[in-house]
Amino acid sequence: MRDRAYIWRLVVAALLLAFILTKSAHRALAQESILSVISSSEEKADAYYSGASYSVAASLYENLLAKNVTSTRLKLKLARSKFHLRDFKHASRLFGEVLTAEKKLNDDDRILYAEALASLKRYAEAADQLALVKSSDDNELLIQNKIWRFKNVHFLYDDSTQYSVRRLNINSSAGEFGAVPYQSGLLFLSNRKTRGFLSKTDAGSGSGFFKLYYAASDSSSGFQDFGKSEMFLKFFQSKFHNGPVSFYDGGSKVAFTVSSETTNASGERKLEIHFAQKTEDGWTLLPEFPYNDKRSSNTDPFVSEDGTFMYFSSDRKGGFGGMDLYRAVFQNGKWETPVNLGEIINTPMDERFPFLAEDILYLSSNGHPGLGGLDIFKVKFSDDSGNVENLGFPVNTEADDFGLVLSEDSYKGYFSSSRKAESGDDVYELLIDQQTYPLAINGILKIKEYSWITSDTLKVLPGATISLIDHTRNVEVWKGAADGEGRFSLEIPYFSFYRLRVVHPDGSEAFVSFEIPRRKKEDYFHEIVIVRDAFQGQEQK
């Protein structure tokens, strides 16, 4: 009723203006013109929203709402758009205003409202909203599990010292995700601005298209950082979006994601999986995934090293809702029909970014109970229960955390997160620690006078003072000294990046990078060798 009254006020004003400026015979024409403009603007916004062009839709809804600030219908549409743009602060405010005014929300909007609240760490309010959802038989267990999780989020903070998370230096003010190790560096996706006069943008997000970038490793600091990022090979660059990649067969083959070159009947460009092989002359395309189609997206491929099977995500017809995870087998020279991984893994919302390490499948989901947004989960296939386990904090936060890829030994990996909201999605390094703390370390200090002297001339360094420094926080956490035989014992209080400051009895000092073993064993003994030249305050490894 408010919307109708407002429209009629606009009509009356227009008619009065038309009477003053023109003949009264033009009144009917003015009324029809204004009503058609208002209607078409909202219909246009609705069309952009239906086509997942949320940024454009939100802008149009905001313009309409500025002219009709009390319209709960427009607020609701804008709230949905803001949610899909991951602007949870504005989405939750708008949903709240609609609920206050109308005293109700439909179940789908209430679920979005709850997810937005959870992404702002307002877990109790999120649980209260979900409790009002009239869940069906298909999603009742999921809703109840989410309510329980939001009321017991503290459990996801237990044993958080098992993981160490570090934001990498490859990140920019734009978005970065989909990092995978490649050659001696890191390959990743970014929608940072590119050089040139024309800047293409995605109507869905209002940002640039994601392209592939590569950064070589740079270990000069004693910790693995990366050098300058450069656009990856032109062969892989799409006209529109690039997506995640998966290398296999010793890095000689790759599955990669790109936007379709053509649109479907609704004007959308769906994501497709393609394959390529490295030859002496460079990369060449292999036959594309035969189950790509214009009605649905296929993305996030993970291909086994031998190329016999692939996990991927898709919103193809017949799933459980949103994006589901599928498995396809390559046999007799062709890909067999993909098989949905089932309702234990897939939910009515999104499951993305599969990665298999031994018999553990890692995935990202906003359907399974978590801390908010996308969380990273794991499923152990050898476990008959098939439990989907949340990795907890600090891997997961109230923001989107997704796309975990691990190294061969499963002790190191990379994932992306929007936890620093001002910079969009960023790539983080993950170290998985299996030690228990505090951890006792024994060792001996030795010294050689010059770097060119052979190691058989090493001498013990007695009486040196040793300090253990948390490199991340830049604080001293332990201090002791070597005995008369150069031996020392130190206690590491928790997992972090450390360095040792060694002060020679003559007062000169040196710094040594200190890596904690990831694998558990009963005794640890370190021989630390310092070159006399290092006692200049320079860091040595």
# chains A, B, ... in the order shown; residues from 1 in each chain; ligands from 1

call {"tool": "residues_around", "arguments": {"residues": "region 210-218 of chain A", "least_positions_apart": "6", "cutoff": "7 Å", "atoms": "only C-alpha atoms", "output": "PyMOL selection string"}}
result
chain A and resi 184-191+224-232+237+241-242

call {"tool": "residues_around", "arguments": {"residues": "Ser489 (chain A)", "least_positions_apart": "4", "cutoff": "7 Å", "atoms": "only C-alpha atoms", "output": "list in words"}}
result
Ile441, Asn442 and Gly443 of chain A

call {"tool": "atom_distance", "arguments": {"atom1": "CA of Glu272 (chain A)", "atom2": "CA of Asp315 (chain A)"}}
result
11.7 Å

call {"tool": "residues_around", "arguments": {"residues": "Leu132 (chain A)", "least_positions_apart": "4", "cutoff": "12 Å", "atoms": "only C-alpha atoms", "output": "count of residues only"}}
result
18

call {"tool": "closest_residue", "arguments": {"among": "A:Ala481, A:Leu156, A:Ile376, A:Ala66", "to": "Gly392 (chain A)", "atoms": "only C-alpha atoms"}}
result
A:Leu156

call {"tool": "residues_around", "arguments": {"residues": "His154 (chain A)", "least_positions_apart": "2", "cutoff": "12 Å", "atoms": "only C-alpha atoms", "output": "list in words"}}
result
Lys121, Tyr123, Trp148, Arg149, Phe150, Lys151, Asn152, Leu156, Tyr157, Asp158, Asp159, Ser160, Gly370, Leu371, Gly392, Phe393 and Thr397 of chain A

call {"tool": "write_last_selection", "arguments": {"atoms": "N, CA, C and O atoms", "output": "mmCIF file, in the first residue's frame"}}
result
data_model
loop_
_atom_site.group_PDB
_atom_site.id
_atom_site.type_symbol
_atom_site.label_atom_id
_atom_site.label_comp_id
_atom_site.auth_asym_id
_atom_site.auth_seq_id
_atom_site.Cartn_x
_atom_site.Cartn_y
_atom_site.Cartn_z
ATOM 1 N N LYS A 121 29.211 -12.505 12.899
ATOM 2 C CA LYS A 121 29.456 -13.110 14.213
ATOM 3 C C LYS A 121 28.303 -12.858 15.190
ATOM 4 O O LYS A 121 28.475 -12.939 16.400
ATOM 5 N N TYR A 123 25.900 -14.773 16.150
ATOM 6 C CA TYR A 123 25.462 -16.162 16.071
ATOM 7 C C TYR A 123 24.146 -16.417 16.807
ATOM 8 O O TYR A 123 23.309 -17.194 16.333
ATOM 9 N N TRP A 148 22.328 -25.619 16.199
ATOM 10 C CA TRP A 148 23.233 -26.128 17.243
ATOM 11 C C TRP A 148 24.622 -25.516 17.098
ATOM 12 O O TRP A 148 25.254 -25.120 18.080
ATOM 13 N N ARG A 149 25.103 -25.450 15.868
ATOM 14 C CA ARG A 149 26.448 -24.910 15.647
ATOM 15 C C ARG A 149 26.519 -23.454 16.056
ATOM 16 O O ARG A 149 27.475 -23.030 16.713
ATOM 17 N N PHE A 150 25.533 -22.639 15.671
ATOM 18 C CA PHE A 150 25.554 -21.225 16.021
ATOM 19 C C PHE A 150 25.491 -21.011 17.535
ATOM 20 O O PHE A 150 26.007 -20.016 18.049
ATOM 21 N N LYS A 151 24.875 -21.935 18.243
ATOM 22 C CA LYS A 151 24.802 -21.831 19.693
ATOM 23 C C LYS A 151 26.040 -22.407 20.383
ATOM 24 O O LYS A 151 26.214 -22.237 21.596
ATOM 25 N N ASN A 152 26.879 -23.098 19.607
ATOM 26 C CA ASN A 152 28.056 -23.751 20.187
ATOM 27 C C ASN A 152 29.302 -23.511 19.337
ATOM 28 O O ASN A 152 30.121 -24.422 19.150
ATOM 29 N N LEU A 156 34.424 -24.863 17.710
ATOM 30 C CA LEU A 156 35.256 -24.750 16.509
ATOM 31 C C LEU A 156 36.551 -23.986 16.783
ATOM 32 O O LEU A 156 37.396 -23.865 15.901
ATOM 33 N N TYR A 157 36.705 -23.463 17.989
ATOM 34 C CA TYR A 157 37.941 -22.781 18.356
ATOM 35 C C TYR A 157 38.872 -23.698 19.146
ATOM 36 O O TYR A 157 39.984 -23.322 19.485
ATOM 37 N N ASP A 158 38.409 -24.910 19.462
ATOM 38 C CA ASP A 158 39.255 -25.867 20.167
ATOM 39 C C ASP A 158 40.382 -26.343 19.257
ATOM 40 O O ASP A 158 40.206 -26.499 18.040
ATOM 41 N N ASP A 159 41.542 -26.616 19.858
ATOM 42 C CA ASP A 159 42.705 -27.149 19.124
ATOM 43 C C ASP A 159 43.108 -26.264 17.956
ATOM 44 O O ASP A 159 43.624 -26.740 16.949
ATOM 45 N N SER A 160 42.868 -24.965 18.074
ATOM 46 C CA SER A 160 43.188 -24.069 16.961
ATOM 47 C C SER A 160 44.693 -23.951 16.732
ATOM 48 O O SER A 160 45.121 -23.492 15.680
ATOM 49 N N GLY A 370 28.760 -24.055 10.133
ATOM 50 C CA GLY A 370 30.088 -23.486 10.282
ATOM 51 C C GLY A 370 30.054 -22.169 11.021
ATOM 52 O O GLY A 370 29.111 -21.865 11.745
ATOM 53 N N LEU A 371 31.076 -21.358 10.800
ATOM 54 C CA LEU A 371 31.214 -20.077 11.490
ATOM 55 C C LEU A 371 30.573 -18.929 10.724
ATOM 56 O O LEU A 371 30.534 -17.807 11.209
ATOM 57 N N GLY A 392 37.486 -25.706 11.588
ATOM 58 C CA GLY A 392 37.554 -24.796 12.728
ATOM 59 C C GLY A 392 38.465 -23.608 12.497
ATOM 60 O O GLY A 392 39.049 -23.411 11.433
ATOM 61 N N PHE A 393 38.585 -22.786 13.541
ATOM 62 C CA PHE A 393 39.423 -21.592 13.532
ATOM 63 C C PHE A 393 40.886 -22.010 13.760
ATOM 64 O O PHE A 393 41.137 -22.971 14.476
ATOM 65 N N THR A 397 36.555 -18.708 9.553
ATOM 66 C CA THR A 397 36.135 -17.535 10.311
ATOM 67 C C THR A 397 34.682 -17.243 9.949
ATOM 68 O O THR A 397 34.053 -18.010 9.216
#

call {"tool": "select_by_dssp", "arguments": {"residues": "region 299-508 of chain A", "states": "strand (DSSP E or B)", "output": "ChimeraX atom specification"}}
result
/A:299-303,309-314,324-331,334-335,339-340,351-357,360-365,375-380,388-390,401-406,412-417,426-432,439-448,459-460,465-470,475-481,487-492,498-503

call {"tool": "residues_around", "arguments": {"residues": "His368 (chain A)", "least_positions_apart": "5", "cutoff": "8 Å", "atoms": "only C-alpha atoms", "output": "list in words"}}
result
Leu142, Lys146, Thr347 and Val388 of chain A

call {"tool": "write_last_selection", "arguments": {"atoms": "N, CA, C and O atoms", "output": "PDB file, in the first residue's frame"}}
result
ATOM      1  N   LEU A 142      19.489 -30.323   8.527  1.00  0.00           N
ATOM      2  CA  LEU A 142      20.481 -29.285   8.237  1.00  0.00           C
ATOM      3  C   LEU A 142      20.198 -28.033   9.061  1.00  0.00           C
ATOM      4  O   LEU A 142      21.117 -27.447   9.647  1.00  0.00           O
ATOM      5  N   LYS A 146      22.590 -26.469  12.038  1.00  0.00           N
ATOM      6  CA  LYS A 146      23.100 -25.093  11.986  1.00  0.00           C
ATOM      7  C   LYS A 146      22.745 -24.330  13.254  1.00  0.00           C
ATOM      8  O   LYS A 146      23.559 -23.562  13.765  1.00  0.00           O
ATOM      9  N   THR A 347      24.436 -30.244  -0.012  1.00  0.00           N
ATOM     10  CA  THR A 347      23.312 -29.656   0.724  1.00  0.00           C
ATOM     11  C   THR A 347      22.487 -28.809  -0.242  1.00  0.00           C
ATOM     12  O   THR A 347      22.870 -28.632  -1.408  1.00  0.00           O
ATOM     13  N   VAL A 388      31.054 -35.059   7.842  1.00  0.00           N
ATOM     14  CA  VAL A 388      31.660 -33.865   7.244  1.00  0.00           C
ATOM     15  C   VAL A 388      32.150 -32.998   8.394  1.00  0.00           C
ATOM     16  O   VAL A 388      31.350 -32.478   9.166  1.00  0.00           O
TER      17      VAL A 388
END

call {"tool": "residues_around", "arguments": {"residues": "Asp425 (chain A)", "least_positions_apart": "4", "cutoff": "6 Å", "atoms": "only C-alpha atoms", "output": "PyMOL selection string"}}
result
chain A and resi 175-176+417-418

call {"tool": "closest_residue", "arguments": {"among": "A:Tyr48, A:Phe495, A:Phe312, A:Phe402", "to": "Ser297 (chain A)", "atoms": "only C-alpha atoms"}}
result
A:Phe312

call {"tool": "atom_distance", "arguments": {"atom1": "CA of His504 (chain A)", "atom2": "CA of His526 (chain A)"}}
result
18.3 Å

call {"tool": "closest_residue", "arguments": {"among": "A:Thr194, A:Asn346, A:Ser164, A:Thr279", "to": "Leu325 (chain A)", "atoms": "only C-alpha atoms"}}
result
A:Asn346

call {"tool": "decode", "arguments": {"residues": "region 48-77 of chain A", "atoms": "N, CA, C and O atoms", "output": "mmCIF file, in the first residue's frame"}}
result
data_model
loop_
_atom_site.group_PDB
_atom_site.id
_atom_site.type_symbol
_atom_site.label_atom_id
_atom_site.label_comp_id
_atom_site.auth_asym_id
_atom_site.auth_seq_id
_atom_site.Cartn_x
_atom_site.Cartn_y
_atom_site.Cartn_z
ATOM 1 N N TYR A 48 18.044 -8.125 -14.103
ATOM 2 C CA TYR A 48 19.472 -8.231 -13.794
ATOM 3 C C TYR A 48 19.702 -9.171 -12.610
ATOM 4 O O TYR A 48 20.651 -9.964 -12.602
ATOM 5 N N TYR A 49 18.834 -9.104 -11.599
ATOM 6 C CA TYR A 49 18.967 -9.985 -10.441
ATOM 7 C C TYR A 49 18.795 -11.449 -10.862
ATOM 8 O O TYR A 49 19.584 -12.317 -10.457
ATOM 9 N N SER A 50 17.793 -11.721 -11.678
ATOM 10 C CA SER A 50 17.548 -13.093 -12.135
ATOM 11 C C SER A 50 18.724 -13.626 -12.944
ATOM 12 O O SER A 50 18.998 -14.824 -12.932
ATOM 13 N N GLY A 51 19.423 -12.723 -13.646
ATOM 14 C CA GLY A 51 20.590 -13.128 -14.416
ATOM 15 C C GLY A 51 21.882 -13.095 -13.627
ATOM 16 O O GLY A 51 22.967 -13.162 -14.208
ATOM 17 N N ALA A 52 21.784 -12.976 -12.289
ATOM 18 C CA ALA A 52 22.939 -12.977 -11.377
ATOM 19 C C ALA A 52 23.830 -11.756 -11.553
ATOM 20 O O ALA A 52 24.980 -11.762 -11.121
ATOM 21 N N SER A 53 23.311 -10.691 -12.166
ATOM 22 C CA SER A 53 24.053 -9.431 -12.266
ATOM 23 C C SER A 53 23.708 -8.587 -11.037
ATOM 24 O O SER A 53 23.032 -7.557 -11.117
ATOM 25 N N TYR A 54 24.193 -9.043 -9.898
ATOM 26 C CA TYR A 54 23.753 -8.477 -8.627
ATOM 27 C C TYR A 54 24.217 -7.037 -8.416
ATOM 28 O O TYR A 54 23.524 -6.247 -7.785
ATOM 29 N N SER A 55 25.387 -6.699 -8.933
ATOM 30 C CA SER A 55 25.895 -5.345 -8.761
ATOM 31 C C SER A 55 25.002 -4.327 -9.477
ATOM 32 O O SER A 55 24.649 -3.285 -8.916
ATOM 33 N N VAL A 56 24.630 -4.632 -10.722
ATOM 34 C CA VAL A 56 23.760 -3.738 -11.487
ATOM 35 C C VAL A 56 22.374 -3.686 -10.849
ATOM 36 O O VAL A 56 21.774 -2.618 -10.690
ATOM 37 N N ALA A 57 21.867 -4.858 -10.457
ATOM 38 C CA ALA A 57 20.547 -4.907 -9.831
ATOM 39 C C ALA A 57 20.519 -4.075 -8.557
ATOM 40 O O ALA A 57 19.581 -3.306 -8.316
ATOM 41 N N ALA A 58 21.549 -4.210 -7.724
ATOM 42 C CA ALA A 58 21.596 -3.456 -6.472
ATOM 43 C C ALA A 58 21.607 -1.958 -6.725
ATOM 44 O O ALA A 58 20.933 -1.191 -6.028
ATOM 45 N N SER A 59 22.357 -1.521 -7.738
ATOM 46 C CA SER A 59 22.411 -0.098 -8.060
ATOM 47 C C SER A 59 21.034 0.418 -8.475
ATOM 48 O O SER A 59 20.607 1.507 -8.060
ATOM 49 N N LEU A 60 20.318 -0.365 -9.285
ATOM 50 C CA LEU A 60 18.986 0.046 -9.719
ATOM 51 C C LEU A 60 17.996 0.063 -8.557
ATOM 52 O O LEU A 60 17.182 0.984 -8.433
ATOM 53 N N TYR A 61 18.062 -0.947 -7.706
ATOM 54 C CA TYR A 61 17.172 -0.977 -6.540
ATOM 55 C C TYR A 61 17.445 0.209 -5.610
ATOM 56 O O TYR A 61 16.531 0.806 -5.034
ATOM 57 N N GLU A 62 18.731 0.560 -5.456
ATOM 58 C CA GLU A 62 19.076 1.702 -4.598
ATOM 59 C C GLU A 62 18.515 3.004 -5.158
ATOM 60 O O GLU A 62 18.030 3.861 -4.399
ATOM 61 N N ASN A 63 18.573 3.163 -6.478
ATOM 62 C CA ASN A 63 18.005 4.365 -7.095
ATOM 63 C C ASN A 63 16.499 4.440 -6.888
ATOM 64 O O ASN A 63 15.940 5.512 -6.604
ATOM 65 N N LEU A 64 15.834 3.308 -7.034
ATOM 66 C CA LEU A 64 14.390 3.267 -6.824
ATOM 67 C C LEU A 64 14.039 3.514 -5.364
ATOM 68 O O LEU A 64 13.077 4.212 -5.048
ATOM 69 N N LEU A 65 14.844 2.944 -4.468
ATOM 70 C CA LEU A 65 14.575 3.089 -3.040
ATOM 71 C C LEU A 65 14.791 4.528 -2.579
ATOM 72 O O LEU A 65 14.137 4.994 -1.640
ATOM 73 N N ALA A 66 15.703 5.230 -3.230
ATOM 74 C CA ALA A 66 15.923 6.638 -2.875
ATOM 75 C C ALA A 66 14.686 7.483 -3.148
ATOM 76 O O ALA A 66 14.468 8.507 -2.492
ATOM 77 N N LYS A 67 13.863 7.051 -4.087
ATOM 78 C CA LYS A 67 12.636 7.762 -4.416
ATOM 79 C C LYS A 67 11.444 7.267 -3.585
ATOM 80 O O LYS A 67 10.398 7.903 -3.566
ATOM 81 N N ASN A 68 11.613 6.128 -2.943
ATOM 82 C CA ASN A 68 10.529 5.531 -2.161
ATOM 83 C C ASN A 68 11.136 4.821 -0.959
ATOM 84 O O ASN A 68 11.216 3.595 -0.910
ATOM 85 N N VAL A 69 11.600 5.591 0.006
ATOM 86 C CA VAL A 69 12.422 5.069 1.104
ATOM 87 C C VAL A 69 11.670 4.126 2.028
ATOM 88 O O VAL A 69 12.292 3.407 2.815
ATOM 89 N N THR A 70 10.354 4.100 1.969
ATOM 90 C CA THR A 70 9.587 3.237 2.870
ATOM 91 C C THR A 70 9.191 1.909 2.229
ATOM 92 O O THR A 70 8.532 1.093 2.867
ATOM 93 N N SER A 71 9.568 1.686 0.984
ATOM 94 C CA SER A 71 9.141 0.481 0.275
ATOM 95 C C SER A 71 9.856 -0.757 0.825
ATOM 96 O O SER A 71 11.053 -0.945 0.607
ATOM 97 N N THR A 72 9.123 -1.603 1.515
ATOM 98 C CA THR A 72 9.721 -2.845 2.030
ATOM 99 C C THR A 72 9.992 -3.825 0.895
ATOM 100 O O THR A 72 10.911 -4.647 0.990
ATOM 101 N N ARG A 73 9.213 -3.747 -0.168
ATOM 102 C CA ARG A 73 9.444 -4.623 -1.316
ATOM 103 C C ARG A 73 10.814 -4.355 -1.927
ATOM 104 O O ARG A 73 11.596 -5.284 -2.196
ATOM 105 N N LEU A 74 11.137 -3.074 -2.132
ATOM 106 C CA LEU A 74 12.429 -2.718 -2.706
ATOM 107 C C LEU A 74 13.569 -3.015 -1.730
ATOM 108 O O LEU A 74 14.650 -3.440 -2.137
ATOM 109 N N LYS A 75 13.327 -2.780 -0.442
ATOM 110 C CA LYS A 75 14.361 -3.091 0.556
ATOM 111 C C LYS A 75 14.692 -4.581 0.545
ATOM 112 O O LYS A 75 15.853 -4.969 0.666
ATOM 113 N N LEU A 76 13.661 -5.406 0.405
ATOM 114 C CA LEU A 76 13.870 -6.843 0.396
ATOM 115 C C LEU A 76 14.674 -7.269 -0.828
ATOM 116 O O LEU A 76 15.599 -8.089 -0.735
ATOM 117 N N LYS A 77 14.345 -6.692 -1.965
ATOM 118 C CA LYS A 77 15.087 -7.023 -3.183
ATOM 119 C C LYS A 77 16.539 -6.546 -3.094
ATOM 120 O O LYS A 77 17.463 -7.244 -3.544
#
